[in-house]
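**Q** The structure follows.
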Amino acid sequence: MSGTAPLIQLTGVSKNFGAVQALSNVDLVVNPGEIVALVGDNGAGKSTLIKAIAGIHAISKGEIRWQGEPVTVRSPKEAARLGIEVVYQDLALADNLDVVENMFLGREKLTRTFQLDRIAMERRALEVLEQLRVTTIRSVGQSVEGLSGGQRQSVAVAKAVMWSAKLLILDEPTAALGVAQTREVLELVHRLGEQGLGVLLISHNLHDVFEVADRIVVLRLGQNVAEFDRRTTNQTEVVEAITAGRLSHVPGQAEETSA
Amino acid sequence: MSVAPDLTRIPAAEPATLRGYVRDWVLGLRNGNLGALPIVIGLVVIAIVFQSLNSNFLTAGNFVNLMVQGAAMATLAMGIVFVLLIGEIDLSVGYVSGVCGVLVALFLTPGDGQVPTPIALLAAVVAGAAIGAVHGILISKLKIPSFVVTLAGFLAWNGVVLLLIGSRGSIIIQDKLVISLTSQFLLPAIAWGLMALAVVGYAAVQLIHRSTRRRNGLSADPLSIVALRVGALVLFGSGIVLIANLSRGIPYVFVLVGVLFLLWTFVLNRTKFGLSVYAVGGSIEAARRAGINTDRVRIACFMIASSMAAIGGVILASRLRSVDSNVGGGSLLLYSIAAAVIGGTSLFGGRGSARSALLGALVIASIDNGLGLLGLGSGQKFVITGLVLLTAVAVDALSRRGRVTGRL
Ligand SMILES: Nc1ncnc2c1ncn2[C@@H]1O[C@H](COP(=O)(O)OP(=O)(O)OP(=O)(O)O)[C@@H](O)[C@H]1O
Ligand SMILES: [Mg+2]
């Protein structure tokens with residue numbers, strides 16, 4: 001069975017911040033090679049959910065299984081060790097550094113004399129960019145400042161892929177991008193799926209979601225309210241779930257009253 | 001936007017031909033990456049103006065004077081570069097150099113307390129590093145703005161200078177080694193030998209770098225560019241040695257500044273720490289998420305600034321052959337910061353180099369020296385240096401306005 005185990009499986013995950021119940025009993029599965037979109041209105045708990053997966057927030061209740069094994073992810077470092085990389089919306093790139101330096105920042109390759117191994121890093125960066133067919137970047141020695149939003153997003157994604165991400169989490173990757181650049185990033189996401197990565201994509205843009213996602217998971221007020229197969233649903237149905245999906249218990253009340 | 005015709009080929013880091021280089025350079029100029037061009041033009045203008053006003057300016061003797069006069073400022077400015085690179089400021093380096101200069105003088109005063117010269121010098125640098133560590137910890141751990149911490153340092157270390165000097169008034173430096181730094185000169189043959197060594201070393205590094213890149217299938221500089229760079233070094237190097245040798249020769253302190261320059265250039269360009277410094281200055285959040293210990297980097301930068309100030313203090317003490325209650329004061333601090341900025345180090349962090357400190361120090365020392373030859377006083381010097389600083393920053397700001405920030 002382990003060969004077919006999901007990449008990541010969340011069961012009954014809850015998270016409260018003091019009295020605020022941000023997530024209650026959320027289930028989520030991402031399989032290798034699958035692109036799952038996580039949608040929901042503002043405050044639905046999307047960011048909280050990915051922060052739980054990425055090790056930024058500890059969950060209050062529930063279980064996370066990674067490739068079939070139960071895990072507790074205590075820090076972003078631990079998440080990275082498992083193969084979980086997050087590309088946050090406010091990209092974590094340094095403008096004044098070039099593409100190679102950004103991709104290796106904090107995890108530089110060094111030569112035997114403890115100098116930066118620029119050659120090894122540049123080769124690896126070129127390899128990954130080529131593998132992902134990020135071809136619009138003029139030069140990997142160019143500072144990131146001169147890149148377009150889409151190119152920057154591509155560099156951030158390539159960085160995550162390079163560090164052998166098995167699960168890539170993208171928090172609103174196209175929110176700040178124009179039409180052409182959005183297209184560029186979506187194509188990249190699509191190729192990642194083809195290459196066997198699991199992708200969890202958060203987006204408010206249903207058009208984008210329908211373009212790349214295999215499955216669409218809807219959160220509302222911290223609960224699962226619906227899940228759709230992209231091929232058998234339409235935008236109206238998803239919008240309805242986002243705004244008026246049936247809740248399993250009344251929000252705002254503590255768990256014990258509904259249990 | 002059409003589909004790119006060739007999907008598999010990504011151009012690598014550098015243009016591979018001389019023509020590509022020239023094209024990129026011109027493109028860079030148009031986009032506001034002026035590099036060292038304004039400085040070079042500025043130096044030429046300075047040379048022409050002062051030479052036409054006083055024919056002593058461009059003489060071998062004055063050239064050697066300039067090296068000795070600018071050395072302390074250049075040393076402090078190299079340290080300041082690290083602090084500016086992380087987007088901070090250090091207003092205390094002037095008096096920190098004063099404190100360390102006085103310490104050396106006290107350690108070397110003949111009598112019971114006298115220690116061997118190397119230990120006295122080491123102690124001064126360690127004291128500088130410790131002072132920088134205190135500043136850095138207050139700034140990064142207690143989150144007090146560097147402006148405030150180092151302004152407090154400006155006052156406090158000035159006070160420490162006064163306390164250390166006490167009622168003595170001044171302390172004469174008698175140590176041979178310390179004095180020789182600014183009053184002894186390389187034998188002509190040795191100066192030429194060092195120059196040759198530098199050229200051969202530089203050429204070797206360039207060629208090895210080029211051939212390893214080519215062997216690894218990465219784009220490499222064309223030979224013509226390498227030849228041009230080495231040629232430029234030969235030209236400038238022999239120019240400096242030749243002119244200096246017409247007079248007293250290359251002062252020891254020039255070699256010291258050169259070694260410090262190589263050291264910090266290596267650290268900034270070739271080490272993980274150097275990259276972290278640029279990352280912290282460019283985007284501290286990105287650095288933090290990349291797992292860089294940003295507090296440690298910031299503390300280290302303040303330690304470097306203060307240690308370099310300590311070395312600058314020794315140079316100053318050597319030149320004046322004594323320390324008094326004014327040591328580290330006057331225009332030293334502001335000249336040093338101005339040197340780094342005029343040389344092209346950004347006040348907003350993330351952009352700069354050790355080279356910028358040297359170039360800027362050369363500009364300021366030239367102006368100061370030239371105006372001195374004309375018999376002008378501090379009033380005129382400060383006004384003119386202030387205007388030059390303003391011009392340099394304005395050129396930078398204007399050129400940056402034209403810089404491309406996005407590309408579709
Ligand atoms: N650190 C926190 N402390 C307290 N409450 C929090 C915290 N983080 C999130 N919440 C609450 O949890 C709920 C879910 O927030 P979350 O940021 O996950 O929403 P989201 O789905 O990402 O929304 P958006 O689409 O606006 O980004 C909100 O009610 C929010 O106020
Ligand atoms: Mg969110």
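Every chain in the structure tokens has a letter given in the order shown (A, B, ...), and although residue numbers restart at 1 in each chain, ligands are simply numbered from 1 in the order shown.
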May I have the residues within 6 Å of region 222-226 of chain A as a list in words, using only C-alpha atoms and disregarding those fewer than 2 positions away in the same chain?
**A**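 Once the nearby chain positions are removed, what remains is Ala22, Leu23, Ser24, Val26, Ala44, Gly45, Val218, Leu219, Arg220, Gly245 and Arg246 of chain A.
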**Q** Sorted by chain and rising residue number, list the residues of region 275-352 of chain B at most 8 Å from region 95-118 of chain B (counting only C-alpha atoms), each with its closest atom pair and distance in Å to one decimal, as JSON lines.
**A**
{"residue": "B:Ser306", "atom": "CA", "partner": "B:Val96", "partner_atom": "CA", "distance": 6.6}
{"residue": "B:Ala309", "atom": "CA", "partner": "B:Ser97", "partner_atom": "CA", "distance": 4.6}
{"residue": "B:Ala310", "atom": "CA", "partner": "B:Ser97", "partner_atom": "CA", "distance": 4.6}
{"residue": "B:Ile311", "atom": "CA", "partner": "B:Ser97", "partner_atom": "CA", "distance": 7.3}
{"residue": "B:Gly312", "atom": "CA", "partner": "B:Ser97", "partner_atom": "CA", "distance": 6.1}
{"residue": "B:Gly313", "atom": "CA", "partner": "B:Ser97", "partner_atom": "CA", "distance": 4.1}
{"residue": "B:Val314", "atom": "CA", "partner": "B:Gly101", "partner_atom": "CA", "distance": 5.0}
{"residue": "B:Leu316", "atom": "CA", "partner": "B:Gly101", "partner_atom": "CA", "distance": 7.5}
{"residue": "B:Ala317", "atom": "CA", "partner": "B:Gly101", "partner_atom": "CA", "distance": 5.9}
{"residue": "B:Ser322", "atom": "CA", "partner": "B:Ala105", "partner_atom": "CA", "distance": 7.6}
{"residue": "B:Val323", "atom": "CA", "partner": "B:Val102", "partner_atom": "CA", "distance": 6.1}
{"residue": "B:Asp324", "atom": "CA", "partner": "B:Val102", "partner_atom": "CA", "distance": 7.9}
{"residue": "B:Val327", "atom": "CA", "partner": "B:Gly98", "partner_atom": "CA", "distance": 5.0}
{"residue": "B:Gly328", "atom": "CA", "partner": "B:Gly98", "partner_atom": "CA", "distance": 4.2}
{"residue": "B:Gly329", "atom": "CA", "partner": "B:Tyr95", "partner_atom": "CA", "distance": 6.2}
**Q** Output C-alpha atoms for every residue in the selection just made, as a JSON list (two decimals), in the first residue's frame.
**A**
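Written file, selection.json:
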[["chain", "number", "residue", "atom", "x", "y", "z"],
["B", 306, "SER", "CA", 34.97, 49.23, 14.87],
["B", 309, "ALA", "CA", 38.36, 52.11, 13.10],
["B", 310, "ALA", "CA", 40.95, 50.76, 15.53],
["B", 311, "ILE", "CA", 43.42, 50.17, 12.70],
["B", 312, "GLY", "CA", 42.62, 53.64, 11.37],
["B", 313, "GLY", "CA", 43.35, 55.01, 14.84],
["B", 314, "VAL", "CA", 46.79, 53.43, 14.80],
["B", 316, "LEU", "CA", 46.42, 58.33, 12.57],
["B", 317, "ALA", "CA", 48.54, 58.09, 15.69],
["B", 322, "SER", "CA", 51.22, 61.50, 19.16],
["B", 323, "VAL", "CA", 47.67, 61.34, 20.46],
["B", 324, "ASP", "CA", 45.89, 64.13, 22.26],
["B", 327, "VAL", "CA", 42.15, 62.35, 18.46],
["B", 328, "GLY", "CA", 39.38, 60.76, 16.41],
["B", 329, "GLY", "CA", 37.42, 64.00, 16.28]]
**Q** Identify, counting only C-alpha atoms and all ligand atoms, the protein, DNA and RNA residues located within 9 Å of ligand 2, and give them as a ChimeraX atom specification.
**A** /A:42-48,171-172,202
**Q** Got a sec: who's within 12 Å of region 380-384 of chain B, counting only C-alpha atoms, leaving out chain neighbours fewer than 6 positions off, as a PDB file with N, CA, C and O atoms, in the first residue's frame?
**A**
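Just written: out-v2.pdb:
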ATOM      1  N   ILE B  46      39.009  66.964 -10.718  1.00  0.00           N
ATOM      2  CA  ILE B  46      39.745  67.452  -9.551  1.00  0.00           C
ATOM      3  C   ILE B  46      41.209  67.704  -9.912  1.00  0.00           C
ATOM      4  O   ILE B  46      41.780  68.757  -9.595  1.00  0.00           O
ATOM      5  N   GLY B 330      37.109  65.927  14.894  1.00  0.00           N
ATOM      6  CA  GLY B 330      37.239  66.709  13.665  1.00  0.00           C
ATOM      7  C   GLY B 330      36.459  66.096  12.523  1.00  0.00           C
ATOM      8  O   GLY B 330      35.375  65.543  12.707  1.00  0.00           O
ATOM      9  N   SER B 331      37.046  66.150  11.336  1.00  0.00           N
ATOM     10  CA  SER B 331      36.304  65.754  10.145  1.00  0.00           C
ATOM     11  C   SER B 331      36.399  64.264   9.856  1.00  0.00           C
ATOM     12  O   SER B 331      35.800  63.781   8.912  1.00  0.00           O
ATOM     13  N   LEU B 332      37.161  63.503  10.677  1.00  0.00           N
ATOM     14  CA  LEU B 332      37.440  62.102  10.347  1.00  0.00           C
ATOM     15  C   LEU B 332      36.180  61.267  10.113  1.00  0.00           C
ATOM     16  O   LEU B 332      36.040  60.592   9.087  1.00  0.00           O
ATOM     17  N   LEU B 334      32.961  62.135   9.533  1.00  0.00           N
ATOM     18  CA  LEU B 334      32.092  62.493   8.412  1.00  0.00           C
ATOM     19  C   LEU B 334      32.790  62.278   7.080  1.00  0.00           C
ATOM     20  O   LEU B 334      32.163  61.863   6.102  1.00  0.00           O
ATOM     21  N   TYR B 335      34.102  62.530   7.034  1.00  0.00           N
ATOM     22  CA  TYR B 335      34.852  62.248   5.811  1.00  0.00           C
ATOM     23  C   TYR B 335      34.787  60.757   5.472  1.00  0.00           C
ATOM     24  O   TYR B 335      34.645  60.385   4.305  1.00  0.00           O
ATOM     25  N   ALA B 338      31.352  59.897   4.212  1.00  0.00           N
ATOM     26  CA  ALA B 338      31.211  60.510   2.892  1.00  0.00           C
ATOM     27  C   ALA B 338      32.028  59.753   1.852  1.00  0.00           C
ATOM     28  O   ALA B 338      31.577  59.556   0.716  1.00  0.00           O
ATOM     29  N   VAL B 363      39.019  60.652  -3.558  1.00  0.00           N
ATOM     30  CA  VAL B 363      38.376  61.909  -3.943  1.00  0.00           C
ATOM     31  C   VAL B 363      38.477  62.924  -2.811  1.00  0.00           C
ATOM     32  O   VAL B 363      38.911  64.069  -3.003  1.00  0.00           O
ATOM     33  N   ILE B 364      38.077  62.499  -1.608  1.00  0.00           N
ATOM     34  CA  ILE B 364      38.045  63.452  -0.496  1.00  0.00           C
ATOM     35  C   ILE B 364      39.453  63.900  -0.104  1.00  0.00           C
ATOM     36  O   ILE B 364      39.697  65.090   0.124  1.00  0.00           O
ATOM     37  N   ALA B 365      40.379  62.935  -0.065  1.00  0.00           N
ATOM     38  CA  ALA B 365      41.754  63.310   0.290  1.00  0.00           C
ATOM     39  C   ALA B 365      42.319  64.287  -0.742  1.00  0.00           C
ATOM     40  O   ALA B 365      43.038  65.226  -0.391  1.00  0.00           O
ATOM     41  N   SER B 366      41.984  64.080  -2.022  1.00  0.00           N
ATOM     42  CA  SER B 366      42.476  64.983  -3.070  1.00  0.00           C
ATOM     43  C   SER B 366      41.939  66.391  -2.878  1.00  0.00           C
ATOM     44  O   SER B 366      42.679  67.377  -2.988  1.00  0.00           O
ATOM     45  N   ILE B 367      40.648  66.471  -2.605  1.00  0.00           N
ATOM     46  CA  ILE B 367      40.044  67.796  -2.423  1.00  0.00           C
ATOM     47  C   ILE B 367      40.656  68.487  -1.210  1.00  0.00           C
ATOM     48  O   ILE B 367      41.055  69.656  -1.258  1.00  0.00           O
ATOM     49  N   ASP B 368      40.746  67.726  -0.124  1.00  0.00           N
ATOM     50  CA  ASP B 368      41.287  68.277   1.105  1.00  0.00           C
ATOM     51  C   ASP B 368      42.721  68.754   0.888  1.00  0.00           C
ATOM     52  O   ASP B 368      43.097  69.863   1.265  1.00  0.00           O
ATOM     53  N   ASN B 369      43.497  67.910   0.237  1.00  0.00           N
ATOM     54  CA  ASN B 369      44.894  68.232  -0.043  1.00  0.00           C
ATOM     55  C   ASN B 369      45.005  69.423  -0.994  1.00  0.00           C
ATOM     56  O   ASN B 369      45.761  70.365  -0.756  1.00  0.00           O
ATOM     57  N   GLY B 370      44.217  69.406  -2.063  1.00  0.00           N
ATOM     58  CA  GLY B 370      44.268  70.468  -3.063  1.00  0.00           C
ATOM     59  C   GLY B 370      43.896  71.818  -2.473  1.00  0.00           C
ATOM     60  O   GLY B 370      44.580  72.822  -2.701  1.00  0.00           O
ATOM     61  N   LEU B 371      42.831  71.831  -1.680  1.00  0.00           N
ATOM     62  CA  LEU B 371      42.412  73.090  -1.070  1.00  0.00           C
ATOM     63  C   LEU B 371      43.445  73.561  -0.061  1.00  0.00           C
ATOM     64  O   LEU B 371      43.671  74.766   0.101  1.00  0.00           O
ATOM     65  N   GLY B 372      44.093  72.589   0.596  1.00  0.00           N
ATOM     66  CA  GLY B 372      45.155  72.941   1.531  1.00  0.00           C
ATOM     67  C   GLY B 372      46.304  73.628   0.808  1.00  0.00           C
ATOM     68  O   GLY B 372      46.838  74.638   1.280  1.00  0.00           O
ATOM     69  N   LEU B 373      46.671  73.093  -0.375  1.00  0.00           N
ATOM     70  CA  LEU B 373      47.749  73.690  -1.165  1.00  0.00           C
ATOM     71  C   LEU B 373      47.402  75.114  -1.561  1.00  0.00           C
ATOM     72  O   LEU B 373      48.266  75.978  -1.668  1.00  0.00           O
ATOM     73  N   LEU B 374      46.101  75.346  -1.798  1.00  0.00           N
ATOM     74  CA  LEU B 374      45.678  76.688  -2.184  1.00  0.00           C
ATOM     75  C   LEU B 374      45.617  77.621  -0.976  1.00  0.00           C
ATOM     76  O   LEU B 374      45.277  78.795  -1.107  1.00  0.00           O
ATOM     77  N   LEU B 390      27.094  65.870  -1.910  1.00  0.00           N
ATOM     78  CA  LEU B 390      25.739  66.071  -2.407  1.00  0.00           C
ATOM     79  C   LEU B 390      25.657  65.724  -3.891  1.00  0.00           C
ATOM     80  O   LEU B 390      24.711  65.068  -4.342  1.00  0.00           O
ATOM     81  N   THR B 391      26.664  66.160  -4.661  1.00  0.00           N
ATOM     82  CA  THR B 391      26.679  65.865  -6.086  1.00  0.00           C
ATOM     83  C   THR B 391      26.717  64.355  -6.325  1.00  0.00           C
ATOM     84  O   THR B 391      25.982  63.832  -7.164  1.00  0.00           O
TER      85      THR B 391
END
**Q** Compute the chain A side of the contact with chain B at 7 Å, counting only C-alpha atoms, and hand it back as a PDB file with C-alpha atoms, in the first residue's frame.
**A**
ATOM      1  CA  ALA A  92      11.368  35.806  -0.121  1.00  0.00           C
ATOM      2  CA  LEU A  93      13.902  37.055  -2.657  1.00  0.00           C
ATOM      3  CA  ALA A  94      16.622  39.637  -2.101  1.00  0.00           C
ATOM      4  CA  ASP A  95      16.467  42.250  -4.873  1.00  0.00           C
ATOM      5  CA  ASN A  96      20.145  43.062  -4.909  1.00  0.00           C
ATOM      6  CA  LEU A  97      21.306  39.459  -5.323  1.00  0.00           C
ATOM      7  CA  LEU A 105      20.790  31.811  -0.196  1.00  0.00           C
ATOM      8  CA  GLY A 106      21.377  30.274   3.220  1.00  0.00           C
ATOM      9  CA  GLU A 108      25.298  27.853  -0.426  1.00  0.00           C
ATOM     10  CA  GLN A 115      34.753  29.839  -0.648  1.00  0.00           C
ATOM     11  CA  LEU A 116      31.459  30.106  -2.460  1.00  0.00           C
ATOM     12  CA  ILE A 119      30.436  27.290 -10.597  1.00  0.00           C
ATOM     13  CA  GLU A 130      16.064  24.362 -17.832  1.00  0.00           C
ATOM     14  CA  ARG A 133      11.757  25.441 -18.860  1.00  0.00           C
ATOM     15  CA  THR A 135      13.538  30.348 -20.392  1.00  0.00           C
ATOM     16  CA  ARG A 138      18.171  36.562 -19.764  1.00  0.00           C
ATOM     17  CA  SER A 139      20.978  35.585 -17.451  1.00  0.00           C
ATOM     18  CA  VAL A 140      21.311  33.845 -14.101  1.00  0.00           C
ATOM     19  CA  GLY A 141      23.945  36.422 -13.187  1.00  0.00           C
ATOM     20  CA  GLU A 145      15.590  43.503  -9.175  1.00  0.00           C
ATOM     21  CA  GLY A 146      15.507  43.573 -12.967  1.00  0.00           C
ATOM     22  CA  LEU A 147      13.111  40.638 -13.308  1.00  0.00           C
ATOM     23  CA  SER A 148       9.388  40.860 -13.947  1.00  0.00           C
TER      24      SER A 148
END
**Q** What does the distance from CA of Arg19 (chain B) to CA of Asp221 (chain B) come to in Å, to one decimal?
**A**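 One can read the CA of Arg19 (chain B) to CA of Asp221 (chain B) distance as 11.4 Å.
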**Q** Between A:Thr113, A:Thr182, A:Thr136, A:Gln21, which is the closest to ligand 1 once you count only C-alpha atoms and all ligand atoms?
**A**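 Smallest distance to ligand 1 is found for A:Gln21.
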